[in-house]
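One file, query.tsv, is given below (TSV, C-alpha atoms (C1' of nucleotides)).
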```
chain	number	residue	atom	x	y	z
A	15	MET	CA	82.00	107.75	63.57
A	16	PRO	CA	82.42	110.68	66.01
A	17	ALA	CA	84.78	110.92	68.90
A	18	ARG	CA	85.34	113.96	71.09
A	19	VAL	CA	82.80	116.18	72.74
A	20	VAL	CA	82.78	119.93	72.26
A	21	THR	CA	79.60	121.70	73.15
A	22	LEU	CA	78.39	124.33	70.69
A	23	LYS	CA	77.70	127.84	71.79
A	24	PRO	CA	74.02	128.62	72.37
A	25	PRO	CA	73.41	129.74	68.78
A	26	THR	CA	71.22	132.70	69.61
A	27	GLY	CA	71.52	134.79	72.70
A	28	GLU	CA	67.78	135.15	72.86
A	29	GLU	CA	66.43	134.54	76.31
A	30	ALA	CA	62.79	133.57	76.29
A	31	PRO	CA	60.57	134.79	79.07
A	32	LEU	CA	57.41	133.38	77.55
A	33	CYS	CA	56.13	132.12	80.81
A	34	CYS	CA	52.66	132.94	81.68
A	35	ALA	CA	49.10	131.89	81.26
A	36	PRO	CA	47.72	129.82	78.39
A	37	LEU	CA	46.49	131.90	75.49
A	38	THR	CA	43.03	130.50	76.10
A	39	ASP	CA	42.86	132.17	79.49
A	40	SER	CA	43.78	135.75	78.68
A	41	PRO	CA	44.71	137.59	75.51
A	42	LEU	CA	48.36	137.30	74.58
A	43	SER	CA	50.44	140.44	74.61
A	44	ALA	CA	51.84	141.47	71.26
A	45	ALA	CA	55.32	140.58	72.46
A	46	ASP	CA	54.41	137.12	73.72
A	47	ALA	CA	52.41	136.51	70.56
A	48	ALA	CA	55.41	137.38	68.44
A	49	GLU	CA	57.68	135.03	70.33
A	50	LEU	CA	55.26	132.12	70.45
A	51	ALA	CA	54.42	132.64	66.80
A	52	ALA	CA	58.10	132.42	65.93
A	53	ILE	CA	58.33	129.02	67.62
A	54	LEU	CA	55.15	127.78	65.99
A	55	ALA	CA	56.25	129.03	62.60
A	56	ALA	CA	59.47	127.09	63.01
A	57	LEU	CA	57.37	123.99	63.60
A	58	GLY	CA	54.97	124.91	60.82
A	59	ASP	CA	56.92	123.17	58.10
A	60	PRO	CA	56.55	119.46	57.33
A	61	VAL	CA	60.26	118.87	56.84
A	62	ARG	CA	61.16	120.54	60.12
A	63	LEU	CA	58.42	118.72	61.98
A	64	ARG	CA	59.72	115.40	60.77
A	65	LEU	CA	63.25	116.50	61.55
A	66	VAL	CA	62.27	117.28	65.13
A	67	SER	CA	60.40	114.02	65.30
A	68	LEU	CA	63.36	112.02	64.03
A	69	VAL	CA	65.73	113.69	66.45
A	70	ALA	CA	63.36	113.34	69.39
A	71	ALA	CA	62.67	109.71	68.72
A	72	ALA	CA	66.35	108.88	68.32
A	73	GLY	CA	67.57	111.03	71.18
A	74	GLU	CA	70.48	112.26	69.12
A	75	VAL	CA	71.04	112.38	65.39
A	76	CYS	CA	73.87	113.73	63.30
A	77	SER	CA	73.14	115.83	60.23
A	78	CYS	CA	74.48	113.10	57.99
A	79	ASN	CA	71.62	110.86	59.11
A	80	LEU	CA	68.92	113.37	58.30
A	81	GLU	CA	69.38	113.90	54.58
A	82	ALA	CA	68.26	110.44	53.54
A	83	PRO	CA	65.06	110.09	55.60
A	84	LEU	CA	63.99	113.64	54.85
A	85	GLY	CA	64.87	113.48	51.19
A	86	LYS	CA	66.50	116.90	51.13
A	87	SER	CA	69.91	118.19	50.18
A	88	GLN	CA	72.59	118.82	52.74
A	89	PRO	CA	72.32	122.62	52.59
A	90	THR	CA	68.58	122.38	53.01
A	91	ILE	CA	68.96	120.22	56.11
A	92	SER	CA	71.48	122.70	57.43
A	93	HIS	CA	69.02	125.50	56.80
A	94	HIS	CA	66.27	123.76	58.74
A	95	THR	CA	68.46	122.84	61.67
A	96	ARG	CA	69.44	126.47	61.86
A	97	VAL	CA	65.82	127.65	61.90
A	98	LEU	CA	64.94	125.15	64.61
A	99	THR	CA	67.99	126.11	66.61
A	100	GLU	CA	67.13	129.79	66.44
A	101	ALA	CA	63.67	128.92	67.69
A	102	GLY	CA	65.27	127.13	70.60
A	103	LEU	CA	63.70	123.81	69.69
A	104	ILE	CA	66.87	121.82	69.11
A	105	THR	CA	70.51	122.18	70.03
A	106	GLY	CA	73.57	121.04	68.18
A	107	GLU	CA	76.64	119.57	69.75
A	108	ARG	CA	79.81	119.32	67.77
A	109	ARG	CA	81.89	116.19	68.14
A	110	GLY	CA	84.80	116.16	65.80
A	111	ARG	CA	83.49	116.55	62.31
A	112	TRP	CA	79.95	115.66	63.19
A	113	THR	CA	77.18	117.78	64.63
A	114	TRP	CA	74.75	115.90	66.81
A	115	TRP	CA	71.30	117.31	67.29
A	116	SER	CA	68.90	116.83	70.16
A	117	VAL	CA	65.59	118.41	71.07
A	118	VAL	CA	64.99	120.90	73.87
A	119	PRO	CA	62.02	119.31	75.62
A	120	GLU	CA	61.36	122.38	77.76
A	121	ARG	CA	60.78	124.38	74.62
A	122	LEU	CA	58.09	122.01	73.43
A	123	ALA	CA	56.65	122.10	76.93
A	124	VAL	CA	56.43	125.88	76.74
A	125	VAL	CA	54.40	125.60	73.56
A	126	ARG	CA	52.08	123.01	75.08
A	127	ARG	CA	51.50	125.14	78.15
A	128	LEU	CA	50.83	128.31	76.16
A	129	LEU	CA	48.46	126.33	73.99
A	130	GLY	CA	46.37	125.59	77.03
A	131	GLY	CA	48.06	122.50	78.37
A	132	GLU	CA	46.92	121.65	81.85
B	27	MET	CA	23.90	143.76	68.44
B	28	PRO	CA	23.10	140.38	66.88
B	29	ALA	CA	19.88	138.44	67.12
B	30	ARG	CA	19.14	135.10	65.44
B	31	VAL	CA	21.23	131.98	65.38
B	32	VAL	CA	22.16	130.29	62.13
B	33	THR	CA	25.06	127.86	62.27
B	34	LEU	CA	27.61	128.13	59.52
B	35	LYS	CA	28.56	125.14	57.46
B	36	PRO	CA	31.81	123.46	58.49
B	37	PRO	CA	33.97	125.67	56.27
B	38	THR	CA	36.26	122.94	55.01
B	39	GLY	CA	35.28	119.36	54.54
B	40	GLU	CA	38.69	118.23	55.71
B	41	GLU	CA	38.45	115.40	58.16
B	42	ALA	CA	41.51	115.17	60.34
B	43	PRO	CA	42.72	111.77	61.44
B	44	LEU	CA	45.85	113.08	63.13
B	45	CYS	CA	45.49	110.83	66.06
B	46	CYS	CA	48.47	108.95	67.13
B	47	ALA	CA	51.58	109.11	69.19
B	48	PRO	CA	53.47	112.28	70.11
B	49	LEU	CA	56.13	113.22	67.63
B	50	THR	CA	58.71	112.75	70.36
B	51	ASP	CA	57.92	109.05	70.59
B	52	SER	CA	58.19	107.92	66.99
B	53	PRO	CA	58.96	109.68	63.73
B	54	LEU	CA	55.98	111.36	62.14
B	55	SER	CA	54.78	110.05	58.82
B	56	ALA	CA	55.03	112.49	55.95
B	57	ALA	CA	51.25	112.77	55.86
B	58	ASP	CA	50.83	113.44	59.57
B	59	ALA	CA	53.71	115.90	59.41
B	60	ALA	CA	52.02	117.78	56.61
B	61	GLU	CA	48.75	118.04	58.46
B	62	LEU	CA	50.25	119.01	61.79
B	63	ALA	CA	52.51	121.50	60.07
B	64	ALA	CA	49.49	123.12	58.46
B	65	ILE	CA	47.91	123.68	61.86
B	66	LEU	CA	51.12	124.98	63.36
B	67	ALA	CA	51.71	127.26	60.40
B	68	ALA	CA	48.24	128.72	60.92
B	69	LEU	CA	49.24	129.47	64.50
B	70	GLY	CA	52.65	130.71	63.44
B	71	ASP	CA	51.59	134.27	62.87
B	72	PRO	CA	51.44	136.86	65.65
B	73	VAL	CA	48.18	138.36	64.47
B	74	ARG	CA	46.45	135.00	64.24
B	75	LEU	CA	47.80	133.92	67.60
B	76	ARG	CA	46.41	137.01	69.24
B	77	LEU	CA	43.18	136.53	67.35
B	78	VAL	CA	42.82	133.01	68.71
B	79	SER	CA	43.75	134.25	72.14
B	80	LEU	CA	41.16	137.02	72.03
B	81	VAL	CA	38.47	134.66	70.87
B	82	ALA	CA	39.37	131.97	73.38
B	83	ALA	CA	39.49	134.36	76.29
B	84	ALA	CA	36.17	135.95	75.38
B	85	GLY	CA	34.43	132.72	74.45
B	86	GLU	CA	32.87	134.34	71.43
B	87	VAL	CA	33.83	137.40	69.44
B	88	CYS	CA	32.38	138.95	66.34
B	89	SER	CA	34.67	140.12	63.55
B	90	CYS	CA	33.76	143.71	64.24
B	91	ASN	CA	35.43	143.40	67.62
B	92	LEU	CA	38.69	142.12	66.25
B	93	GLU	CA	39.83	144.91	63.97
B	94	ALA	CA	40.51	147.42	66.72
B	95	PRO	CA	42.50	145.23	69.16
B	96	LEU	CA	44.51	143.66	66.36
B	97	GLY	CA	45.11	146.89	64.50
B	98	LYS	CA	44.41	145.39	61.08
B	99	SER	CA	42.01	146.20	58.30
B	100	GLN	CA	38.71	144.39	57.89
B	101	PRO	CA	39.84	142.34	54.88
B	102	THR	CA	42.97	141.31	56.71
B	103	ILE	CA	40.96	140.11	59.70
B	104	SER	CA	38.69	138.22	57.34
B	105	HIS	CA	41.72	136.65	55.74
B	106	HIS	CA	43.08	135.47	59.07
B	107	THR	CA	39.77	134.08	60.28
B	108	ARG	CA	39.60	132.12	57.06
B	109	VAL	CA	43.08	130.67	57.51
B	110	LEU	CA	42.30	129.67	61.09
B	111	THR	CA	38.99	128.19	60.05
B	112	GLU	CA	40.60	126.11	57.33
B	113	ALA	CA	43.06	124.84	59.92
B	114	GLY	CA	40.12	123.82	62.07
B	115	LEU	CA	41.18	126.05	64.92
B	116	ILE	CA	38.14	128.31	65.05
B	117	THR	CA	34.59	128.15	63.80
B	118	GLY	CA	32.29	130.94	62.70
B	119	GLU	CA	28.63	131.15	63.45
B	120	ARG	CA	26.49	133.58	61.57
B	121	ARG	CA	23.81	135.45	63.49
B	122	GLY	CA	22.11	137.98	61.34
B	123	ARG	CA	24.72	140.31	59.97
B	124	TRP	CA	27.39	139.31	62.43
B	125	THR	CA	29.73	136.37	62.42
B	126	TRP	CA	30.70	135.11	65.84
B	127	TRP	CA	33.91	133.22	66.21
B	128	SER	CA	34.85	130.63	68.79
B	129	VAL	CA	37.80	128.31	69.19
B	130	VAL	CA	37.78	124.56	68.66
B	131	PRO	CA	39.45	123.38	71.86
B	132	GLU	CA	39.85	119.82	70.59
B	133	ARG	CA	42.02	121.12	67.81
B	134	LEU	CA	44.39	122.81	70.22
B	135	ALA	CA	44.34	119.62	72.26
B	136	VAL	CA	45.42	117.65	69.20
B	137	VAL	CA	48.40	119.92	68.79
B	138	ARG	CA	49.34	119.62	72.45
B	139	ARG	CA	49.15	115.84	72.31
B	140	LEU	CA	51.19	115.56	69.14
B	141	LEU	CA	53.75	117.89	70.67
B	142	GLY	CA	54.29	115.39	73.42
B	143	GLY	CA	51.66	116.40	75.90
B	144	GLU	CA	51.11	113.78	78.53
C	17	DC	C1'	12.82	147.86	46.81
C	18	DT	C1'	16.20	150.44	48.60
C	19	DG	C1'	19.71	151.77	51.55
C	20	DT	C1'	22.81	150.60	55.17
C	21	DC	C1'	25.82	147.84	57.51
C	22	DA	C1'	28.90	143.59	58.55
C	23	DT	C1'	31.55	140.44	56.24
C	24	DA	C1'	33.75	138.14	52.23
C	25	DT	C1'	36.25	138.23	47.91
C	26	DT	C1'	39.37	140.11	44.38
C	27	DG	C1'	43.52	141.93	42.75
C	28	DA	C1'	47.91	143.81	43.49
C	29	DC	C1'	52.26	144.23	45.66
C	30	DA	C1'	56.22	143.67	48.66
C	31	DA	C1'	58.40	140.62	51.75
C	32	DC	C1'	59.55	136.21	53.04
C	33	DA	C1'	60.58	131.13	52.89
C	34	DG	C1'	62.09	126.61	50.90
C	35	DT	C1'	65.06	124.68	47.75
C	36	DC	C1'	69.12	123.90	45.08
C	37	DT	C1'	74.12	124.45	43.16
C	38	DA	C1'	78.46	126.16	44.13
C	39	DT	C1'	81.69	127.32	47.40
C	40	DA	C1'	83.83	128.19	51.92
C	41	DC	C1'	84.99	126.57	56.51
C	42	DG	C1'	86.83	123.16	60.09
C	43	DT	C1'	88.33	118.87	61.56
C	44	DC	C1'	90.75	114.74	61.32
C	45	DA	C1'	94.23	111.33	59.26
C	46	DA	C1'	98.44	110.51	57.06
D	16	DT	C1'	100.84	120.27	55.06
D	17	DT	C1'	97.84	118.08	52.43
D	18	DG	C1'	93.75	115.72	51.29
D	19	DA	C1'	89.26	114.00	52.39
D	20	DC	C1'	85.11	114.59	54.56
D	21	DG	C1'	81.07	116.72	57.33
D	22	DT	C1'	78.89	120.96	57.82
D	23	DA	C1'	77.89	125.91	57.01
D	24	DT	C1'	77.26	129.93	54.04
D	25	DA	C1'	76.27	132.59	49.71
D	26	DG	C1'	73.56	133.45	45.89
D	27	DA	C1'	69.70	132.64	42.90
D	28	DC	C1'	65.18	131.24	41.82
D	29	DT	C1'	60.39	130.20	42.71
D	30	DG	C1'	56.34	129.97	45.26
D	31	DT	C1'	53.91	131.52	49.19
D	32	DT	C1'	52.12	134.90	52.51
D	33	DG	C1'	50.53	139.27	54.89
D	34	DT	C1'	48.59	143.43	53.82
D	35	DC	C1'	45.51	146.87	51.90
D	36	DA	C1'	42.10	149.41	48.65
D	37	DA	C1'	38.28	148.41	45.96
D	38	DT	C1'	34.37	145.81	45.23
D	39	DA	C1'	30.97	142.17	45.85
D	40	DT	C1'	27.77	139.58	48.83
D	41	DG	C1'	24.19	139.05	52.08
D	42	DA	C1'	21.15	140.56	55.79
D	43	DC	C1'	18.25	143.58	58.09
D	44	DA	C1'	15.28	148.05	58.51
D	45	DG	C1'	12.12	151.11	56.62
```
Take the structure in this file and express it as structure tokens.
Amino acid sequence: MPARVVTLKPPTGEEAPLCCAPLTDSPLSAADAAELAAILAALGDPVRLRLVSLVAAAGEVCSCNLEAPLGKSQPTISHHTRVLTEAGLITGERRGRWTWWSVVPERLAVVRRLLGGE
Amino acid sequence: MPARVVTLKPPTGEEAPLCCAPLTDSPLSAADAAELAAILAALGDPVRLRLVSLVAAAGEVCSCNLEAPLGKSQPTISHHTRVLTEAGLITGERRGRWTWWSVVPERLAVVRRLLGGE
DNA sequence: CTGTCATATTGACAACAGTCTATACGTCAA
DNA sequence: TTGACGTATAGACTGTTGTCAATATGACAG
């Protein structure tokens, strides 16, 4: 089992404005649409959705505990964690040999709000 | 401009259970993940997102008023409206020669709830 | 019936995405 | 340093997706 704590760098330097009104209120700008679409596309895969769900429900999960429940190979899991990380939906924290993943709740909140959340 | 009102058939017969707890509370089943992912994938395209946004903001829009703001050809618009319809996110209503599109707010609400909306 | 107009469908093509095997990289223990 | 182990990357393959030109469908007007 893991031991020390070494925070990973924020994998992408992308800063997300993505702030404003729900898309049901006023037409999205092309730029906002592109950014929101990128997040939604990251969530638009069954394996990644379940991955996010597993991580969210557990609080923290290491990659080694994702392969079995998702039924995918290690490189495939690594691929999906990367996509989700680049979308800002999860973050990885390296502790020794293990990488522990957790969700970024604010990112999901952004999606909810843009989708018309009250 | 249009005239008579003839409601379109519900384009896909798919009935969506997709009911339960937010994916942040407990791991999604493979089936729920597949269905939610399909909706999110439909929203995971900039053109479709803006299309939904345009329709939602205007209440109702006919296809002929989508080509210009989205900068896509007529068949491409038709393609995207179909994808969104099959995902249950918009519905089309035929009035004479025009098809008027409107959003299905409950469908967006489903997404928000599954994404952890309170 | 015929022509016109709005929308849908078809077919084609390039680009992308999900998956795997093989391999490289980093970290810890001895 | 060396070996073992968890994770990341590279490369290849396949299936899907966004797009458009061409064509079909369906509705209204005359």
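For chain A, the residues within 10 Å of chain D are Cys76, Ser77, Cys78, Gln88, Pro89, Ser92, His93, Arg96, Gly110, Arg111, Trp112 and Thr113 of chain A, with only C-alpha atoms (C1' of nucleotides) used to measure distance.
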The residues within 9 Å of (41.0, 135.2, 66.0), using only C-alpha atoms (C1' of nucleotides) and the coordinates of the file, should be reported as a PDB file with C-alpha atoms, in the frame of the given file; which are they?
```
ATOM      1  CA  VAL B  73      48.180 138.360  64.470  1.00  0.00           C
ATOM      2  CA  ARG B  74      46.450 135.000  64.240  1.00  0.00           C
ATOM      3  CA  LEU B  75      47.800 133.920  67.600  1.00  0.00           C
ATOM      4  CA  ARG B  76      46.410 137.010  69.240  1.00  0.00           C
ATOM      5  CA  LEU B  77      43.180 136.530  67.350  1.00  0.00           C
ATOM      6  CA  VAL B  78      42.820 133.010  68.710  1.00  0.00           C
ATOM      7  CA  SER B  79      43.750 134.250  72.140  1.00  0.00           C
ATOM      8  CA  LEU B  80      41.160 137.020  72.030  1.00  0.00           C
ATOM      9  CA  VAL B  81      38.470 134.660  70.870  1.00  0.00           C
ATOM     10  CA  ALA B  82      39.370 131.970  73.380  1.00  0.00           C
ATOM     11  CA  VAL B  87      33.830 137.400  69.440  1.00  0.00           C
ATOM     12  CA  SER B  89      34.670 140.120  63.550  1.00  0.00           C
ATOM     13  CA  LEU B  92      38.690 142.120  66.250  1.00  0.00           C
ATOM     14  CA  ILE B 103      40.960 140.110  59.700  1.00  0.00           C
ATOM     15  CA  HIS B 106      43.080 135.470  59.070  1.00  0.00           C
ATOM     16  CA  THR B 107      39.770 134.080  60.280  1.00  0.00           C
ATOM     17  CA  LEU B 110      42.300 129.670  61.090  1.00  0.00           C
ATOM     18  CA  ILE B 116      38.140 128.310  65.050  1.00  0.00           C
ATOM     19  CA  TRP B 127      33.910 133.220  66.210  1.00  0.00           C
ATOM     20  CA  SER B 128      34.850 130.630  68.790  1.00  0.00           C
ATOM     21  CA  VAL B 129      37.800 128.310  69.190  1.00  0.00           C
TER      22      VAL B 129
END
```
Counting all atoms listed in the file, a student should be able to say which residues of chain A come within 7 Å of chain B; what is the right answer, written as a PDB file with C-alpha atoms, in the coordinates of the input?
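Output below, filename result-v6.pdb:
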```pdb
ATOM      1  CA  LEU A  37      46.490 131.900  75.490  1.00  0.00           C
ATOM      2  CA  THR A  38      43.030 130.500  76.100  1.00  0.00           C
ATOM      3  CA  ASP A  39      42.860 132.170  79.490  1.00  0.00           C
ATOM      4  CA  SER A  40      43.780 135.750  78.680  1.00  0.00           C
ATOM      5  CA  PRO A  41      44.710 137.590  75.510  1.00  0.00           C
ATOM      6  CA  LEU A  42      48.360 137.300  74.580  1.00  0.00           C
ATOM      7  CA  ALA A  47      52.410 136.510  70.560  1.00  0.00           C
ATOM      8  CA  ALA A  48      55.410 137.380  68.440  1.00  0.00           C
ATOM      9  CA  ALA A  51      54.420 132.640  66.800  1.00  0.00           C
ATOM     10  CA  ALA A  52      58.100 132.420  65.930  1.00  0.00           C
ATOM     11  CA  LEU A  54      55.150 127.780  65.990  1.00  0.00           C
ATOM     12  CA  ALA A  55      56.250 129.030  62.600  1.00  0.00           C
ATOM     13  CA  LEU A  57      57.370 123.990  63.600  1.00  0.00           C
ATOM     14  CA  GLY A  58      54.970 124.910  60.820  1.00  0.00           C
ATOM     15  CA  ASP A  59      56.920 123.170  58.100  1.00  0.00           C
ATOM     16  CA  PRO A  60      56.550 119.460  57.330  1.00  0.00           C
ATOM     17  CA  LEU A  63      58.420 118.720  61.980  1.00  0.00           C
ATOM     18  CA  ARG A  64      59.720 115.400  60.770  1.00  0.00           C
ATOM     19  CA  SER A  67      60.400 114.020  65.300  1.00  0.00           C
ATOM     20  CA  LEU A  68      63.360 112.020  64.030  1.00  0.00           C
ATOM     21  CA  ALA A  70      63.360 113.340  69.390  1.00  0.00           C
ATOM     22  CA  ALA A  71      62.670 109.710  68.720  1.00  0.00           C
ATOM     23  CA  LEU A 122      58.090 122.010  73.430  1.00  0.00           C
ATOM     24  CA  ARG A 126      52.080 123.010  75.080  1.00  0.00           C
ATOM     25  CA  LEU A 129      48.460 126.330  73.990  1.00  0.00           C
ATOM     26  CA  GLY A 131      48.060 122.500  78.370  1.00  0.00           C
TER      27      GLY A 131
END
```
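In this comparison, which uses all atoms listed in the file, the residue of A:Thr90, A:Val97, A:Thr105, A:Trp114 approaching chain C most closely is A:Thr90.
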With a cut-off of 9 Å, could you pull out the residues of chain C touching chain A and give me the nearest pair of atoms for each, distance in Å to one decimal, using all atoms listed in the file, ordered by chain and ascending number, as a tab-separated table?
```
residue	atom	partner	partner_atom	distance
C:DG34	C1'	A:Thr90	CA	8.0
C:DT35	C1'	A:Thr90	CA	6.7
C:DC36	C1'	A:Ser87	CA	7.7
C:DG42	C1'	A:Arg111	CA	7.7
C:DT43	C1'	A:Arg111	CA	5.4
C:DC44	C1'	A:Arg111	CA	7.5
```
Tell me, in Å to one decimal, how far CA of Gly106 in chain A is from CA of Glu81 in chain A.
15.9 Å
As JSON: centre and edge lengths in Å, one decimal, of the axis-aligned box holding range 16-20 of chain D with 6 Å per side:
```
{"center_x": 93.0, "center_y": 117.1, "center_z": 53.2, "size_x": 27.7, "size_y": 18.3, "size_z": 15.8}
```
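For the pair CA of Ala101 in chain A and C1' of DA38 in chain C, the interatomic distance is 28.0 Å.
C1' of DA40 in chain C to CA of Gly102 in chain A spans 26.4 Å [interatomic distance, one decimal].
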Only N, CA, C and O atoms, please: range 103-119 of chain B from the block, as a tab-separated table (two decimals), in the first residue's frame.
```
chain	number	residue	atom	x	y	z
B	103	ILE	N	-26.80	20.31	-40.37
B	103	ILE	CA	-27.76	20.70	-39.34
B	103	ILE	C	-28.76	19.58	-39.12
B	103	ILE	O	-29.07	19.21	-37.97
B	104	SER	N	-29.25	19.03	-40.20
B	104	SER	CA	-30.22	17.95	-40.10
B	104	SER	C	-29.62	16.76	-39.34
B	104	SER	O	-30.31	16.12	-38.53
B	105	HIS	N	-28.38	16.49	-39.63
B	105	HIS	CA	-27.69	15.41	-38.92
B	105	HIS	C	-27.65	15.67	-37.42
B	105	HIS	O	-27.94	14.78	-36.61
B	106	HIS	N	-27.31	16.89	-37.06
B	106	HIS	CA	-27.18	17.20	-35.63
B	106	HIS	C	-28.54	17.21	-34.92
B	106	HIS	O	-28.64	16.74	-33.78
B	107	THR	N	-29.55	17.71	-35.59
B	107	THR	CA	-30.87	17.67	-34.96
B	107	THR	C	-31.32	16.23	-34.74
B	107	THR	O	-31.95	15.91	-33.74
B	108	ARG	N	-30.94	15.38	-35.66
B	108	ARG	CA	-31.28	13.97	-35.50
B	108	ARG	C	-30.59	13.35	-34.28
B	108	ARG	O	-31.21	12.66	-33.47
B	109	VAL	N	-29.29	13.62	-34.16
B	109	VAL	CA	-28.53	13.08	-33.04
B	109	VAL	C	-29.13	13.56	-31.71
B	109	VAL	O	-29.33	12.78	-30.78
B	110	LEU	N	-29.45	14.85	-31.66
B	110	LEU	CA	-30.01	15.41	-30.42
B	110	LEU	C	-31.39	14.85	-30.15
B	110	LEU	O	-31.77	14.63	-29.00
B	111	THR	N	-32.14	14.61	-31.20
B	111	THR	CA	-33.47	14.04	-31.03
B	111	THR	C	-33.38	12.62	-30.49
B	111	THR	O	-34.12	12.24	-29.58
B	112	GLU	N	-32.46	11.85	-31.06
B	112	GLU	CA	-32.30	10.47	-30.61
B	112	GLU	C	-31.81	10.39	-29.16
B	112	GLU	O	-32.04	9.39	-28.49
B	113	ALA	N	-31.15	11.45	-28.73
B	113	ALA	CA	-30.70	11.50	-27.34
B	113	ALA	C	-31.81	12.03	-26.43
B	113	ALA	O	-31.63	12.11	-25.22
B	114	GLY	N	-32.91	12.42	-27.04
B	114	GLY	CA	-34.05	12.90	-26.26
B	114	GLY	C	-33.90	14.32	-25.78
B	114	GLY	O	-34.67	14.77	-24.92
B	115	LEU	N	-32.95	15.05	-26.34
B	115	LEU	CA	-32.67	16.39	-25.84
B	115	LEU	C	-33.51	17.48	-26.51
B	115	LEU	O	-33.74	18.53	-25.93
B	116	ILE	N	-33.92	17.23	-27.73
B	116	ILE	CA	-34.81	18.17	-28.40
B	116	ILE	C	-35.93	17.38	-29.09
B	116	ILE	O	-35.82	16.17	-29.28
B	117	THR	N	-36.98	18.09	-29.42
B	117	THR	CA	-38.06	17.46	-30.19
B	117	THR	C	-38.42	18.37	-31.35
B	117	THR	O	-38.33	19.59	-31.25
B	118	GLY	N	-38.83	17.74	-32.45
B	118	GLY	CA	-39.20	18.51	-33.63
B	118	GLY	C	-40.69	18.44	-33.86
B	118	GLY	O	-41.31	17.38	-33.69
B	119	GLU	N	-41.23	19.57	-34.24
B	119	GLU	CA	-42.65	19.62	-34.53
B	119	GLU	C	-42.83	20.16	-35.93
B	119	GLU	O	-42.31	21.23	-36.26
```
